[in-house]
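Data block for target.cif (mmCIF, C-alpha atoms):
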```
data_input
#
loop_
_atom_site.label_atom_id
_atom_site.label_comp_id
_atom_site.auth_asym_id
_atom_site.auth_seq_id
_atom_site.Cartn_x
_atom_site.Cartn_y
_atom_site.Cartn_z
CA MET E 157 -54.18 -64.58 -13.82
CA ARG E 158 -54.13 -61.29 -11.93
CA ILE E 159 -51.38 -58.96 -10.76
CA ASN E 160 -52.11 -58.91 -7.04
CA TRP E 161 -48.66 -58.39 -5.56
CA THR E 162 -45.55 -56.50 -6.47
CA SER E 163 -42.40 -56.25 -4.37
CA VAL E 164 -39.98 -53.69 -3.12
CA VAL E 165 -36.78 -55.03 -1.57
CA VAL E 166 -36.02 -53.37 1.78
CA ASP E 167 -32.96 -53.35 4.07
CA ASP E 168 -35.01 -53.66 7.23
CA GLN E 169 -38.63 -54.82 7.20
CA GLN E 170 -39.67 -53.10 10.43
CA LYS E 171 -38.13 -49.79 9.40
CA ALA E 172 -39.78 -50.17 5.99
CA LEU E 173 -43.14 -50.94 7.57
CA GLN E 174 -42.87 -47.71 9.53
CA PHE E 175 -41.86 -45.63 6.50
CA TYR E 176 -44.42 -47.10 4.11
CA THR E 177 -47.29 -46.71 6.60
CA GLU E 178 -46.52 -43.70 8.81
CA THR E 179 -44.70 -41.57 6.25
CA LEU E 180 -46.19 -42.61 2.91
CA GLY E 181 -49.62 -43.40 4.38
CA PHE E 182 -50.17 -46.96 3.14
CA ARG E 183 -52.11 -49.47 5.24
CA VAL E 184 -50.86 -52.88 6.41
CA LYS E 185 -52.78 -55.71 4.75
CA HIS E 186 -50.72 -58.75 5.81
CA ASN E 187 -48.03 -59.15 8.45
CA ILE E 188 -47.31 -62.86 8.83
CA PRO E 189 -44.18 -63.86 10.78
CA LEU E 190 -42.04 -66.34 8.83
CA GLY E 191 -39.07 -67.15 11.05
CA GLU E 192 -36.41 -64.48 10.76
CA HIS E 193 -38.53 -62.33 8.45
CA ALA E 194 -42.20 -61.73 7.84
CA TRP E 195 -44.53 -61.60 4.87
CA ILE E 196 -45.59 -57.98 5.00
CA THR E 197 -47.81 -56.31 2.46
CA VAL E 198 -49.26 -52.81 2.35
CA VAL E 199 -52.04 -51.30 0.27
CA SER E 200 -53.07 -47.79 -0.69
CA GLU E 201 -55.80 -46.19 1.42
CA GLU E 202 -57.29 -45.09 -1.90
CA ALA E 203 -57.47 -48.69 -3.14
CA PRO E 204 -57.47 -51.12 -0.18
CA GLU E 205 -58.57 -53.98 -2.45
CA GLY E 206 -55.96 -53.09 -5.06
CA THR E 207 -52.45 -54.37 -5.70
CA GLU E 208 -50.49 -55.19 -2.54
CA LEU E 209 -46.91 -54.04 -2.15
CA VAL E 210 -44.74 -56.74 -0.57
CA LEU E 211 -41.94 -55.44 1.66
CA GLU E 212 -39.40 -58.07 0.70
CA PRO E 213 -36.30 -58.58 2.87
CA ALA E 214 -33.00 -57.89 1.08
CA GLY E 215 -31.55 -61.29 1.88
CA HIS E 216 -29.99 -62.38 -1.41
CA PRO E 217 -26.36 -61.27 -1.99
CA ALA E 218 -27.13 -60.24 -5.59
CA VAL E 219 -29.56 -57.62 -4.30
CA VAL E 220 -26.74 -55.49 -2.90
CA PRO E 221 -24.82 -54.65 -6.12
CA PHE E 222 -28.08 -54.47 -8.10
CA ARG E 223 -29.64 -51.81 -5.87
CA LYS E 224 -26.33 -49.97 -5.43
CA ALA E 225 -26.04 -49.55 -9.20
CA LEU E 226 -29.65 -48.37 -9.52
CA VAL E 227 -29.32 -45.79 -6.74
CA GLU E 228 -25.98 -44.54 -8.07
CA ASP E 229 -27.61 -43.63 -11.39
CA GLY E 230 -30.71 -42.27 -9.68
CA ILE E 231 -32.98 -44.95 -11.13
CA PRO E 232 -36.28 -45.51 -9.31
CA TYR E 233 -37.19 -49.18 -9.75
CA THR E 234 -40.62 -48.67 -8.21
CA ALA E 235 -43.17 -45.99 -9.04
CA PHE E 236 -46.45 -44.91 -7.47
CA ALA E 237 -49.25 -42.91 -9.08
CA VAL E 238 -50.40 -39.71 -7.39
CA ASP E 239 -52.99 -37.08 -8.32
CA ASP E 240 -50.73 -34.13 -7.53
CA VAL E 241 -46.94 -34.52 -7.47
CA GLU E 242 -46.38 -30.98 -6.14
CA ALA E 243 -48.70 -31.54 -3.17
CA GLU E 244 -47.18 -34.95 -2.36
CA HIS E 245 -43.68 -33.48 -2.61
CA GLU E 246 -44.61 -30.72 -0.19
CA ARG E 247 -46.24 -33.17 2.23
CA LEU E 248 -43.34 -35.63 2.17
CA VAL E 249 -40.63 -32.94 2.49
CA ALA E 250 -42.45 -31.76 5.63
CA GLU E 251 -42.21 -35.38 6.86
CA GLY E 252 -38.44 -35.23 6.36
CA VAL E 253 -38.30 -37.28 3.15
CA ARG E 254 -35.24 -36.61 0.96
CA PHE E 255 -35.96 -36.05 -2.73
CA VAL E 256 -33.29 -36.84 -5.32
CA GLN E 257 -35.43 -35.17 -7.98
CA PRO E 258 -37.99 -32.45 -7.20
CA PRO E 259 -41.23 -32.30 -9.20
CA THR E 260 -40.27 -32.12 -12.88
CA ASP E 261 -42.65 -31.47 -15.76
CA LEU E 262 -41.78 -33.85 -18.58
CA GLY E 263 -44.61 -32.91 -20.92
CA THR E 264 -47.13 -35.74 -20.54
CA VAL E 265 -46.20 -36.52 -16.93
CA ILE E 266 -44.90 -34.78 -13.82
CA THR E 267 -42.49 -36.89 -11.79
CA ALA E 268 -40.41 -36.69 -8.64
CA VAL E 269 -38.02 -39.20 -7.02
CA PHE E 270 -37.41 -39.77 -3.31
CA ASP E 271 -35.30 -42.01 -1.07
CA ASP E 272 -37.36 -44.55 0.89
CA THR E 273 -34.58 -44.86 3.55
CA CYS E 274 -34.65 -48.63 2.99
CA GLY E 275 -32.25 -48.72 0.05
CA ASN E 276 -34.56 -47.68 -2.81
CA LEU E 277 -35.43 -44.69 -4.89
CA ILE E 278 -39.16 -44.35 -5.53
CA GLN E 279 -40.77 -42.32 -8.29
CA ILE E 280 -44.13 -40.63 -7.91
CA MET E 281 -45.88 -39.84 -11.14
CA GLU E 282 -48.85 -37.70 -12.13
CA GLU E 283 -50.31 -38.18 -15.57
CA LYS E 284 -51.36 -34.86 -17.06
CA GLY E 285 -54.80 -34.60 -18.61
CA GLN E 286 -55.21 -33.79 -22.28
CA PRO E 287 -54.96 -30.02 -22.82
CA MET O 666 -10.72 -33.10 -24.40
CA ASP O 667 -11.15 -29.50 -25.52
CA ILE O 668 -14.38 -27.65 -24.98
CA TYR O 669 -14.94 -27.11 -28.73
CA ARG O 670 -15.23 -30.83 -29.37
CA ALA O 671 -17.25 -31.28 -26.21
CA ILE O 672 -19.96 -28.83 -27.33
CA ALA O 673 -19.85 -29.84 -31.01
CA ASP O 674 -22.63 -32.34 -30.43
CA ARG O 675 -26.37 -31.72 -30.17
CA THR O 676 -26.93 -34.26 -27.41
CA ARG O 677 -24.14 -32.83 -25.28
CA ARG O 678 -25.51 -29.30 -25.74
CA ALA O 679 -28.96 -30.55 -24.70
CA ILE O 680 -27.40 -32.13 -21.58
CA LEU O 681 -25.87 -28.76 -20.68
CA ASP O 682 -29.22 -27.02 -21.33
CA GLU O 683 -30.94 -29.38 -18.92
CA LEU O 684 -28.25 -29.00 -16.25
CA VAL O 685 -28.60 -25.23 -16.51
CA ASP O 686 -32.35 -25.70 -16.03
CA ARG O 687 -31.70 -27.67 -12.85
CA SER O 688 -28.37 -28.38 -11.15
CA GLY O 689 -27.59 -31.68 -9.47
CA GLN O 690 -29.30 -34.27 -11.68
CA SER O 691 -28.85 -38.02 -11.74
CA LEU O 692 -28.26 -39.98 -14.94
CA PHE O 693 -31.87 -41.18 -14.71
CA GLU O 694 -33.30 -37.65 -14.57
CA LEU O 695 -31.11 -36.45 -17.44
CA CYS O 696 -32.17 -39.36 -19.64
CA ALA O 697 -35.85 -38.72 -18.83
CA ARG O 698 -35.49 -35.03 -19.73
CA LEU O 699 -33.59 -35.77 -22.94
CA ILE O 700 -36.21 -38.16 -24.25
CA MET O 701 -39.29 -36.26 -23.07
CA LYS O 702 -38.14 -32.72 -23.85
CA HIS O 703 -35.66 -33.18 -26.71
CA GLY O 704 -36.72 -36.47 -28.31
CA ILE O 705 -33.21 -37.82 -27.70
CA SER O 706 -33.69 -41.52 -26.99
CA SER O 707 -30.06 -42.58 -26.64
CA SER O 708 -29.29 -45.38 -24.21
CA ARG O 709 -28.27 -44.62 -20.65
CA GLN O 710 -24.85 -45.97 -21.52
CA ALA O 711 -24.50 -43.53 -24.44
CA ILE O 712 -25.59 -40.61 -22.26
CA SER O 713 -23.13 -41.72 -19.61
CA GLN O 714 -20.34 -41.56 -22.22
CA HIS O 715 -21.45 -38.06 -23.25
CA LEU O 716 -21.25 -37.08 -19.57
CA ASP O 717 -17.70 -38.44 -19.41
CA VAL O 718 -16.73 -36.25 -22.39
CA LEU O 719 -18.30 -33.17 -20.79
CA GLU O 720 -16.60 -33.90 -17.48
CA ALA O 721 -13.22 -34.35 -19.18
CA ALA O 722 -13.69 -30.91 -20.78
CA GLY O 723 -14.46 -29.44 -17.36
CA LEU O 724 -18.00 -28.48 -18.40
CA ILE O 725 -19.68 -30.58 -15.74
CA ARG O 726 -18.68 -31.83 -12.36
CA THR O 727 -20.14 -34.65 -10.33
CA ARG O 728 -20.77 -35.16 -6.66
CA ARG O 729 -22.23 -37.94 -4.57
CA GLU O 730 -25.32 -37.11 -2.61
CA GLY O 731 -26.36 -39.99 -0.41
CA ARG O 732 -25.61 -42.96 -2.61
CA SER O 733 -26.48 -41.22 -5.87
CA LYS O 734 -24.11 -39.57 -8.33
CA LEU O 735 -25.34 -36.13 -9.39
CA HIS O 736 -24.15 -33.78 -12.14
CA TRP O 737 -23.62 -30.01 -12.23
CA PHE O 738 -22.96 -27.59 -15.09
CA GLU O 739 -19.63 -25.80 -14.85
CA GLY O 740 -19.55 -22.71 -17.07
CA ALA O 741 -16.06 -21.44 -16.28
CA PRO O 742 -14.28 -23.12 -19.26
CA LEU O 743 -16.65 -21.30 -21.65
CA LYS O 744 -15.23 -17.96 -20.55
CA ALA O 745 -12.16 -18.74 -22.66
CA ILE O 746 -14.33 -18.42 -25.79
CA GLY O 747 -15.50 -14.92 -24.90
CA GLU O 748 -11.99 -13.85 -24.01
CA ARG O 749 -10.55 -15.21 -27.25
CA TRP O 750 -13.21 -13.62 -29.47
CA PRO O 751 -14.56 -10.66 -27.48
CA ILE O 752 -17.93 -9.23 -28.51
CA SER O 753 -17.72 -5.51 -29.19
CA THR O 754 -20.45 -3.69 -27.30
CA ASP O 755 -21.41 -1.22 -30.07
CA GLU O 756 -22.40 -3.98 -32.50
CA ASP O 757 -26.01 -4.84 -33.27
CA THR O 758 -26.62 -8.33 -31.88
CA SER O 759 -30.35 -8.49 -32.57
CA HIS O 760 -29.87 -10.91 -35.49
CA SER O 761 -28.29 -13.63 -33.35
CA THR O 762 -29.91 -17.04 -33.64
CA ASP O 763 -29.83 -20.27 -31.75
CA GLU O 764 -29.92 -23.27 -34.04
CA ASP O 765 -30.76 -25.64 -31.16
CA ASN O 766 -34.13 -23.95 -30.72
CA GLU O 767 -35.22 -24.52 -34.32
CA LYS O 768 -37.85 -27.22 -34.20
#
```
Using structure tokens, write down the structure that the file contains.
Amino acid sequence: MRINWTSVVVDDQQKALQFYTETLGFRVKHNIPLGEHAWITVVSEEAPEGTELVLEPAGHPAVVPFRKALVEDGIPYTAFAVDDVEAEHERLVAEGVRFVQPPTDLGTVITAVFDDTCGNLIQIMEEKGQP
Amino acid sequence: MDIYRAIADRTRRAILDELVDRSGQSLFELCARLIMKHGISSSRQAISQHLDVLEAAGLIRTRREGRSKLHWFEGAPLKAIGERWPISTDEDTSHSTDEDNEK
């Protein structure tokens, strides 16, 4: 058993595809039309054979209150690893991305949280090396 | 809720410390800071209740930004303490301590 896919629920798949590729810089791996929606996955340019992120349509009614509650409390349900949170923050702010939490040093990690414009907060995390 | 009861708790003082460090934090960010920087591993629900106490005492205020609820430190109520027990300027204050920093 392998962990090949993980999902992020998005309001609008086409808008999400644009944000996750053009703004964040991921690459489309699959884009298979399935009636009203599509099965869309993206991968990191740094690891094209790695875990695929599925851009899941927010179809189920339970998704609405669940995500609303998470966003209200500022909780990022999805996190990505980066080498340099400060540099990513600077790059994404220049792309117009809104951060709920700027880069914050929490001792063993540096984190920041941004709005993916598709209904989610996303955390980027840099693990600090041993001093 | 009076301010004396509101600040008579180590967790609530740590919350204020963190909000002074950065204004406009979500519950998530505050909880992350409390556990990573202060070793306070209370549940989100418990921290949320502490925030309610601080808000009732007027020591924090909240605002929605986008769809998130953010928190700010509000120092004005603390002025009442200084006005009630004024510090005379000619006194030596070099021996003052801060028990929250003892670790």
Quick one: residues within 10 Å of range 690-694 of chain O, all atoms listed in the file, excluding same-chain residues fewer than 6 positions away - as a JSON list (two decimals) with C-alpha atoms, in the frame of the given file?
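To be explicit, this is the file written out as selection38.json:
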```
[["chain", "number", "residue", "atom", "x", "y", "z"],
["E", 226, "LEU", "CA", -29.65, -48.37, -9.52],
["E", 227, "VAL", "CA", -29.32, -45.79, -6.74],
["E", 228, "GLU", "CA", -25.98, -44.54, -8.07],
["E", 229, "ASP", "CA", -27.61, -43.63, -11.39],
["E", 230, "GLY", "CA", -30.71, -42.27, -9.68],
["E", 231, "ILE", "CA", -32.98, -44.95, -11.13],
["E", 232, "PRO", "CA", -36.28, -45.51, -9.31],
["E", 256, "VAL", "CA", -33.29, -36.84, -5.32],
["E", 257, "GLN", "CA", -35.43, -35.17, -7.98],
["E", 258, "PRO", "CA", -37.99, -32.45, -7.20],
["E", 260, "THR", "CA", -40.27, -32.12, -12.88],
["E", 267, "THR", "CA", -42.49, -36.89, -11.79],
["E", 268, "ALA", "CA", -40.41, -36.69, -8.64],
["E", 269, "VAL", "CA", -38.02, -39.20, -7.02],
["O", 683, "GLU", "CA", -30.94, -29.38, -18.92],
["O", 684, "LEU", "CA", -28.25, -29.00, -16.25],
["O", 709, "ARG", "CA", -28.27, -44.62, -20.65],
["O", 710, "GLN", "CA", -24.85, -45.97, -21.52],
["O", 712, "ILE", "CA", -25.59, -40.61, -22.26],
["O", 713, "SER", "CA", -23.13, -41.72, -19.61],
["O", 716, "LEU", "CA", -21.25, -37.08, -19.57],
["O", 727, "THR", "CA", -20.14, -34.65, -10.33],
["O", 728, "ARG", "CA", -20.77, -35.16, -6.66],
["O", 729, "ARG", "CA", -22.23, -37.94, -4.57],
["O", 730, "GLU", "CA", -25.32, -37.11, -2.61],
["O", 733, "SER", "CA", -26.48, -41.22, -5.87],
["O", 734, "LYS", "CA", -24.11, -39.57, -8.33],
["O", 735, "LEU", "CA", -25.34, -36.13, -9.39],
["O", 736, "HIS", "CA", -24.15, -33.78, -12.14],
["O", 737, "TRP", "CA", -23.62, -30.01, -12.23],
["O", 738, "PHE", "CA", -22.96, -27.59, -15.09]]
```
Evaluate the PyMOL selection byres ((chain O and resi 744-749) around 12) and record the selected residues as a ChimeraX atom specification, following the chain and residue labels used in the document. /O:667-669,672,723-724,739-743,750-753
As a check of understanding, name the residues that the PyMOL selection byres ((chain E and resi 158) around 12) selects in the supplied structure, as a ChimeraX atom specification. /E:157,159-162,206-208
State, in Å with one decimal place, the distance from CA of Val265 in chain E to CA of Ile280 in chain E.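 So the two atoms, CA of Val265 in chain E and CA of Ile280 in chain E, lie 10.1 Å apart.
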Pairwise distance for CA of Ala235 in chain E and CA of Leu262 in chain E, rounded to one decimal in Å: 15.5 Å
Name the residues that the PyMOL selection byres ((chain E and resi 237-253) around 6) picks from the file above, as a list in words, using the file's chain letters and numbers. Phe236, Arg254, Ile280, Met281 and Glu282 of chain E
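With only C-alpha atoms taken into account, the protein and nucleic acid residues at most 9 Å from His715 in chain O (excluding it and anything under 6 positions from it in its own chain) are O:Ala671, O:Thr676, O:Arg677, O:Ile680.
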Coordinates-based distance that separates CA of Val210 in chain E from CA of Ile196 in chain E (Å, one decimal):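 These atoms are spaced 5.8 Å apart.
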Select, from O:Glu720, O:Gly731, O:Ile725, O:Val685, the residue with the minimum atom-to-atom distance to chain E, counting all atoms listed in the file. O:Gly731
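Among the candidates E:Glu202, E:Thr197, E:Glu212, E:Thr273, the residue lying nearest to Gly181 in chain E is E:Glu202 (atoms considered: all atoms listed in the file).
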Select, from O:Ala679, O:Ala721, O:Ala673, O:Leu699, the residue with the minimum atom-to-atom distance to chain E, counting all atoms listed in the file. O:Leu699
Closest of E:Val165, E:Val199, E:Ala225, E:Leu209 to chain O, counting only C-alpha atoms, is E:Ala225
Put a box with edges along x, y and z around all the listed atoms of range 202-207 of chain E, pad it by 3 Å on each side, then give me its centre and sizes in Å, one decimal, as AutoDock Vina command-line options.
```
--center_x -55.5 --center_y -49.7 --center_z -2.9 --size_x 12.1 --size_y 15.3 --size_z 11.5
```
